[in-house]
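Single-structure report; data block below.
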There are 2 protein chains.
Amino acid sequence: MTATLADTDQFVAALRAQSQRYHSLHPFHRRMNEGSLSREQVRGWVANRFHYQANIPRKDAAILSNCPYPEVRRRWIRRIVDHDGTAAGEGGIEAWLSLGEAVGLSRAEVADERHVVPGVRFAVDAYVTFARTRPWVEAVASSLTELFAPDLMAERLAAFERHYPWIDPAGLAYFRARLTQAPRDSEHALEVVTEHCRTPAEQAAAVAALAFKNDVLWSMLDAIEQNYADQARRQP
Amino acid sequence: MTATLADTDQFVAALRAQSQRYHSLHPFHRRMNEGSLSREQVRGWVANRFHYQANIPRKDAAILSNCPYPEVRRRWIRRIVDHDGTAAGEGGIEAWLSLGEAVGLSRAEVADERHVVPGVRFAVDAYVTFARTRPWVEAVASSLTELFAPDLMAERLAAFERHYPWIDPAGLAYFRARLTQAPRDSEHALEVVTEHCRTPAEQAAAVAALAFKNDVLWSMLDAIEQNYADQARRQP
């Protein structure tokens, strides 16, 4: 059974509806954008989120490895280059290390992941495992949180510049790069998913994959919020 | 326990000694280079070997996915680009399809792998599985048959042009490209393996990985030879 045009529209609508569960709505993220995080909390978020950034190329390489279509791989590979760069000092992982320095963390303490809490590690590693073990098109679908990312990035950039003037704006280059990368990437991923998910079962699996990815991002913020709680909530 | 310089020399020598088991010595390969294969046998080899070519980027992407070092990934990714190309009609897989046409096979019958025999499929798939499941540095070591490839490619190019004049020389572009790609790639792989395999156990695992890869290539030729036997050996 293949999809009609109307089915495709409904499918895309179901994917887009997952924006209701995007981590931009998480209490910790709301407070970040409202400017009410402490320096320690911002640093905790940056240091923990590094584990995610560092694993994105490995997740994308798993998709490449599982995908039998050179024409898909040829475009997907760009994501790995974006994150790893083509030379030392380039790419998204490096940009995140610069963000770490801009918030007052040393390169070493971000790179060695000493601050990464178990819940963040488990969530990120679950995402990489998903990409390695699930059908490649589901892993592509799981990347579609990028549909929701540009709004979040634009809002985050404005919020950081307004509320956290102690952060060197040069350190926000990662977010600026994602403003153009995420729409390009999500456009390709949406093309791939609508082309390769035609049956109701395939489309349901793609929506479930995107819901899973929302869970990954949400769960990361849960773990970060727990570990970098407000002083008032702390136990001695 | 880390390696001394002398140990590294012995390690590299042990890797290079695997050339004694390289598939250039296989009877089918010797006969190919001597010019004694029939058109059907050459076509069988080209059609079957396509399964290997088509899976190389997936093998290399598995190594990327397992490798935690951006500086290694940044160079390794070049292999995927070499095989997939950056646009339709480019890259090593396309060049192999052109070789197929040059030997008288249609693009379709090569691309859909209808001629690929089970033994070839099993060997190639074992190689991809090895790269996915073994430590990434062992998978890198398994690529070191490229140390032996340039001699084979040069010999093969000369043999094809001399003995099989019915093959359009334009179809041999894949072999010509490998004359420069293989030394560049094996130089990087050897750097990585000597840097990351320091203990005797790690070095032994790397040599075993290269022996495994020789088995993959040899086993492919066994399966091809069995299936495209000389007319005299055929059973009705």
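Numbering starts fresh at 1 for the residues of each chain in the structure tokens, the chains themselves are lettered A, B, ... in the order given, and ligands are numbered from 1 as they appear.
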
Name the residues in contact with Thr133 of chain B at a cut-off of 12 Å, using only C-alpha atoms, excluding same-chain residues fewer than 6 positions from it; report them as a list in words.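 The residues satisfying every condition are Ala62, Arg132 and Thr133 of chain A; Lys59, Ala62, Ile63, Ser65, Asn66, Cys67, Ala126, Tyr127 and Ala139 of chain B.
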
Mind fitting chain A to chain B by least squares on all Cα atoms in order and giving back the moved coordinates as a CSV table (one decimal) with C-alpha atoms, in the first residue's frame?
```csv
chain,number,residue,atom,x,y,z
A,1,MET,CA,53.1,-1.7,28.3
A,2,THR,CA,53.9,0.6,25.4
A,3,ALA,CA,55.9,-0.1,22.3
A,4,THR,CA,59.5,0.8,21.6
A,5,LEU,CA,60.5,2.0,18.2
A,6,ALA,CA,61.9,-1.5,17.4
A,7,ASP,CA,58.5,-3.0,18.4
A,8,THR,CA,56.8,-0.6,16.0
A,9,ASP,CA,59.2,-1.7,13.2
A,10,GLN,CA,58.5,-5.3,13.9
A,11,PHE,CA,54.7,-4.5,14.0
A,12,VAL,CA,54.8,-2.8,10.6
A,13,ALA,CA,56.9,-5.7,9.2
A,14,ALA,CA,54.3,-8.2,10.5
A,15,LEU,CA,51.5,-6.1,8.8
A,16,ARG,CA,53.5,-5.9,5.5
A,17,ALA,CA,54.2,-9.7,5.6
A,18,GLN,CA,50.5,-10.2,5.1
A,19,SER,CA,51.1,-9.4,1.5
A,20,GLN,CA,52.0,-13.1,1.2
A,21,ARG,CA,48.3,-13.8,1.5
A,22,TYR,CA,47.0,-11.1,-0.7
A,23,HIS,CA,44.4,-12.0,-3.3
A,24,SER,CA,46.8,-11.1,-6.1
A,25,LEU,CA,48.2,-14.6,-5.6
A,26,HIS,CA,44.8,-16.3,-6.0
A,27,PRO,CA,44.8,-18.7,-9.0
A,28,PHE,CA,41.8,-16.8,-10.5
A,29,HIS,CA,43.6,-13.5,-10.2
A,30,ARG,CA,46.8,-14.8,-11.6
A,31,ARG,CA,44.9,-16.1,-14.6
A,32,MET,CA,43.1,-12.8,-15.0
A,33,ASN,CA,46.4,-11.0,-15.2
A,34,GLU,CA,47.9,-13.6,-17.5
A,35,GLY,CA,45.0,-12.9,-19.9
A,36,SER,CA,43.5,-16.4,-19.8
A,37,LEU,CA,40.0,-15.5,-18.5
A,38,SER,CA,37.1,-15.8,-20.9
A,39,ARG,CA,34.8,-12.8,-21.4
A,40,GLU,CA,32.2,-14.5,-19.3
A,41,GLN,CA,34.7,-15.0,-16.5
A,42,VAL,CA,35.8,-11.3,-16.6
A,43,ARG,CA,32.2,-10.2,-16.6
A,44,GLY,CA,31.5,-12.5,-13.6
A,45,TRP,CA,34.4,-11.0,-11.7
A,46,VAL,CA,33.2,-7.4,-12.4
A,47,ALA,CA,29.6,-8.1,-11.6
A,48,ASN,CA,30.4,-9.9,-8.3
A,49,ARG,CA,33.1,-7.5,-7.2
A,50,PHE,CA,30.5,-4.7,-7.5
A,51,HIS,CA,28.9,-6.0,-4.2
A,52,TYR,CA,32.3,-5.2,-2.6
A,53,GLN,CA,32.6,-1.7,-4.1
A,54,ALA,CA,29.0,-0.8,-3.2
A,55,ASN,CA,29.6,-1.7,0.4
A,56,ILE,CA,32.9,0.0,1.0
A,57,PRO,CA,31.4,3.4,1.9
A,58,ARG,CA,29.1,1.6,4.4
A,59,LYS,CA,32.2,-0.2,5.9
A,60,ASP,CA,34.0,3.1,6.1
A,61,ALA,CA,31.0,4.9,7.7
A,62,ALA,CA,30.9,2.1,10.3
A,63,ILE,CA,34.5,3.0,11.2
A,64,LEU,CA,33.6,6.7,11.4
A,65,SER,CA,30.7,5.8,13.6
A,66,ASN,CA,32.9,3.8,16.0
A,67,CYS,CA,35.9,6.2,16.1
A,68,PRO,CA,35.8,8.8,18.9
A,69,TYR,CA,38.6,11.0,17.4
A,70,PRO,CA,37.5,13.9,15.1
A,71,GLU,CA,41.0,14.2,13.7
A,72,VAL,CA,40.9,10.6,12.5
A,73,ARG,CA,37.3,10.9,11.2
A,74,ARG,CA,38.2,14.1,9.3
A,75,ARG,CA,40.7,12.2,7.2
A,76,TRP,CA,38.8,8.9,7.0
A,77,ILE,CA,35.7,10.5,5.6
A,78,ARG,CA,37.6,11.2,2.4
A,79,ARG,CA,37.3,7.5,1.5
A,80,ILE,CA,33.5,7.7,1.6
A,81,VAL,CA,33.6,10.8,-0.7
A,82,ASP,CA,36.0,8.9,-3.1
A,83,HIS,CA,33.5,6.1,-3.4
A,84,ASP,CA,30.2,7.9,-3.4
A,85,GLY,CA,31.3,11.0,-5.2
A,86,THR,CA,29.9,14.5,-4.4
A,87,ALA,CA,27.3,14.5,-7.2
A,88,ALA,CA,25.4,11.9,-9.3
A,89,GLY,CA,27.7,10.2,-11.9
A,90,GLU,CA,30.8,10.7,-9.7
A,91,GLY,CA,32.9,8.4,-7.5
A,92,GLY,CA,34.2,4.9,-7.3
A,93,ILE,CA,30.9,3.1,-7.3
A,94,GLU,CA,29.9,4.9,-10.5
A,95,ALA,CA,33.3,4.1,-12.0
A,96,TRP,CA,32.8,0.4,-11.3
A,97,LEU,CA,29.4,0.6,-13.1
A,98,SER,CA,31.2,2.1,-16.1
A,99,LEU,CA,33.7,-0.8,-15.9
A,100,GLY,CA,30.7,-3.1,-16.0
A,101,GLU,CA,29.5,-1.4,-19.2
A,102,ALA,CA,33.0,-1.6,-20.7
A,103,VAL,CA,33.0,-5.4,-20.2
A,104,GLY,CA,29.6,-5.7,-21.8
A,105,LEU,CA,27.2,-5.7,-18.8
A,106,SER,CA,24.3,-3.4,-18.5
A,107,ARG,CA,24.2,-0.9,-15.6
A,108,ALA,CA,21.0,-2.5,-14.4
A,109,GLU,CA,22.4,-6.0,-14.1
A,110,VAL,CA,25.4,-4.8,-12.2
A,111,ALA,CA,23.5,-2.4,-9.9
A,112,ASP,CA,20.8,-4.9,-8.9
A,113,GLU,CA,23.5,-7.5,-8.1
A,114,ARG,CA,21.6,-10.3,-9.8
A,115,HIS,CA,24.9,-12.0,-10.6
A,116,VAL,CA,26.4,-11.8,-7.1
A,117,VAL,CA,26.9,-15.4,-5.8
A,118,PRO,CA,26.3,-16.2,-2.1
A,119,GLY,CA,29.9,-16.7,-1.2
A,120,VAL,CA,30.8,-13.2,-2.4
A,121,ARG,CA,27.9,-11.8,-0.5
A,122,PHE,CA,28.8,-13.6,2.7
A,123,ALA,CA,32.5,-12.5,2.5
A,124,VAL,CA,31.6,-8.8,1.8
A,125,ASP,CA,28.9,-8.7,4.5
A,126,ALA,CA,31.4,-10.3,7.0
A,127,TYR,CA,33.7,-7.4,6.2
A,128,VAL,CA,31.0,-4.8,6.9
A,129,THR,CA,30.0,-6.6,10.1
A,130,PHE,CA,33.6,-6.7,11.2
A,131,ALA,CA,33.8,-2.9,10.8
A,132,ARG,CA,30.6,-2.4,12.7
A,133,THR,CA,31.3,-4.7,15.6
A,134,ARG,CA,35.0,-4.8,16.2
A,135,PRO,CA,37.1,-2.0,17.8
A,136,TRP,CA,37.5,0.8,15.3
A,137,VAL,CA,41.3,0.5,15.1
A,138,GLU,CA,41.0,-3.2,14.1
A,139,ALA,CA,38.7,-2.1,11.3
A,140,VAL,CA,41.3,0.4,10.3
A,141,ALA,CA,43.9,-2.3,10.3
A,142,SER,CA,41.8,-4.5,8.1
A,143,SER,CA,41.9,-1.8,5.4
A,144,LEU,CA,45.7,-2.2,5.1
A,145,THR,CA,45.4,-4.5,2.2
A,146,GLU,CA,45.7,-1.1,0.5
A,147,LEU,CA,49.4,-1.3,1.2
A,148,PHE,CA,49.5,-4.1,-1.4
A,149,ALA,CA,47.0,-2.6,-3.8
A,150,PRO,CA,49.0,-0.2,-5.9
A,151,ASP,CA,51.3,-2.9,-7.3
A,152,LEU,CA,48.2,-5.0,-8.1
A,153,MET,CA,46.4,-2.1,-9.7
A,154,ALA,CA,49.4,-1.2,-11.9
A,155,GLU,CA,49.8,-4.8,-13.0
A,156,ARG,CA,46.0,-5.2,-13.6
A,157,LEU,CA,45.8,-2.1,-15.7
A,158,ALA,CA,48.7,-3.3,-17.9
A,159,ALA,CA,47.2,-6.8,-18.1
A,160,PHE,CA,43.7,-5.5,-19.1
A,161,GLU,CA,45.0,-3.2,-21.8
A,162,ARG,CA,47.3,-6.0,-23.2
A,163,HIS,CA,45.1,-9.1,-22.9
A,164,TYR,CA,41.5,-7.9,-23.1
A,165,PRO,CA,41.5,-5.4,-25.9
A,166,TRP,CA,37.7,-5.9,-26.2
A,167,ILE,CA,37.4,-3.8,-23.0
A,168,ASP,CA,37.1,-0.1,-23.6
A,169,PRO,CA,40.1,1.4,-21.8
A,170,ALA,CA,37.9,4.3,-20.6
A,171,GLY,CA,36.2,1.7,-18.4
A,172,LEU,CA,39.4,1.2,-16.4
A,173,ALA,CA,39.2,4.6,-14.7
A,174,TYR,CA,38.5,3.0,-11.3
A,175,PHE,CA,41.8,1.2,-11.3
A,176,ARG,CA,43.7,4.4,-12.3
A,177,ALA,CA,42.1,6.4,-9.5
A,178,ARG,CA,43.1,3.7,-7.0
A,179,LEU,CA,46.8,4.1,-8.0
A,180,THR,CA,46.9,7.4,-6.1
A,181,GLN,CA,44.0,6.9,-3.6
A,182,ALA,CA,45.3,3.6,-2.2
A,183,PRO,CA,48.8,4.9,-1.2
A,184,ARG,CA,47.3,8.0,0.4
A,185,ASP,CA,44.7,6.0,2.3
A,186,SER,CA,47.1,3.2,3.4
A,187,GLU,CA,49.6,5.8,4.7
A,188,HIS,CA,46.9,7.3,6.9
A,189,ALA,CA,45.7,3.9,8.1
A,190,LEU,CA,49.3,2.9,8.9
A,191,GLU,CA,49.8,6.1,10.9
A,192,VAL,CA,46.6,5.5,12.9
A,193,VAL,CA,47.3,1.8,13.5
A,194,THR,CA,50.9,2.4,14.7
A,195,GLU,CA,49.7,5.2,17.0
A,196,HIS,CA,46.8,3.4,18.5
A,197,CYS,CA,48.1,-0.2,18.7
A,198,ARG,CA,50.9,-0.1,21.3
A,199,THR,CA,50.6,-3.3,23.3
A,200,PRO,CA,51.5,-6.7,21.9
A,201,ALA,CA,47.8,-7.7,22.2
A,202,GLU,CA,46.7,-4.6,20.2
A,203,GLN,CA,49.3,-5.2,17.6
A,204,ALA,CA,48.4,-8.9,17.3
A,205,ALA,CA,44.8,-8.0,16.9
A,206,ALA,CA,45.7,-5.5,14.1
A,207,VAL,CA,47.6,-8.2,12.2
A,208,ALA,CA,44.8,-10.6,12.7
A,209,ALA,CA,42.4,-8.0,11.3
A,210,LEU,CA,44.5,-7.7,8.2
A,211,ALA,CA,44.7,-11.5,7.9
A,212,PHE,CA,40.9,-11.5,8.1
A,213,LYS,CA,40.6,-9.0,5.3
A,214,ASN,CA,42.9,-11.1,3.2
A,215,ASP,CA,40.5,-14.0,3.8
A,216,VAL,CA,37.6,-11.8,2.7
A,217,LEU,CA,39.2,-11.0,-0.6
A,218,TRP,CA,40.5,-14.5,-1.2
A,219,SER,CA,37.1,-16.1,-0.3
A,220,MET,CA,35.5,-13.8,-2.9
A,221,LEU,CA,37.7,-15.1,-5.6
A,222,ASP,CA,37.1,-18.7,-4.5
A,223,ALA,CA,33.4,-18.2,-4.9
A,224,ILE,CA,33.8,-16.4,-8.2
A,225,GLU,CA,36.1,-19.1,-9.5
A,226,GLN,CA,33.7,-21.9,-8.5
A,227,ASN,CA,30.8,-20.2,-10.2
A,228,TYR,CA,32.5,-19.1,-13.4
A,229,ALA,CA,34.6,-22.3,-13.9
A,230,ASP,CA,36.3,-23.1,-17.1
A,231,GLN,CA,34.0,-24.8,-19.6
A,232,ALA,CA,36.1,-28.0,-19.3
A,233,ARG,CA,35.3,-28.3,-15.6
A,234,ARG,CA,31.6,-27.7,-15.9
A,235,GLN,CA,29.1,-30.3,-15.1
A,236,PRO,CA,26.0,-30.4,-17.3
```

I'd like to know which residues of segment 140-203 of chain B are alpha helix (DSSP H) (by DSSP, run on the backbone); could you write them as a ChimeraX atom specification? /B:140-142,149-163,173-196,200-203
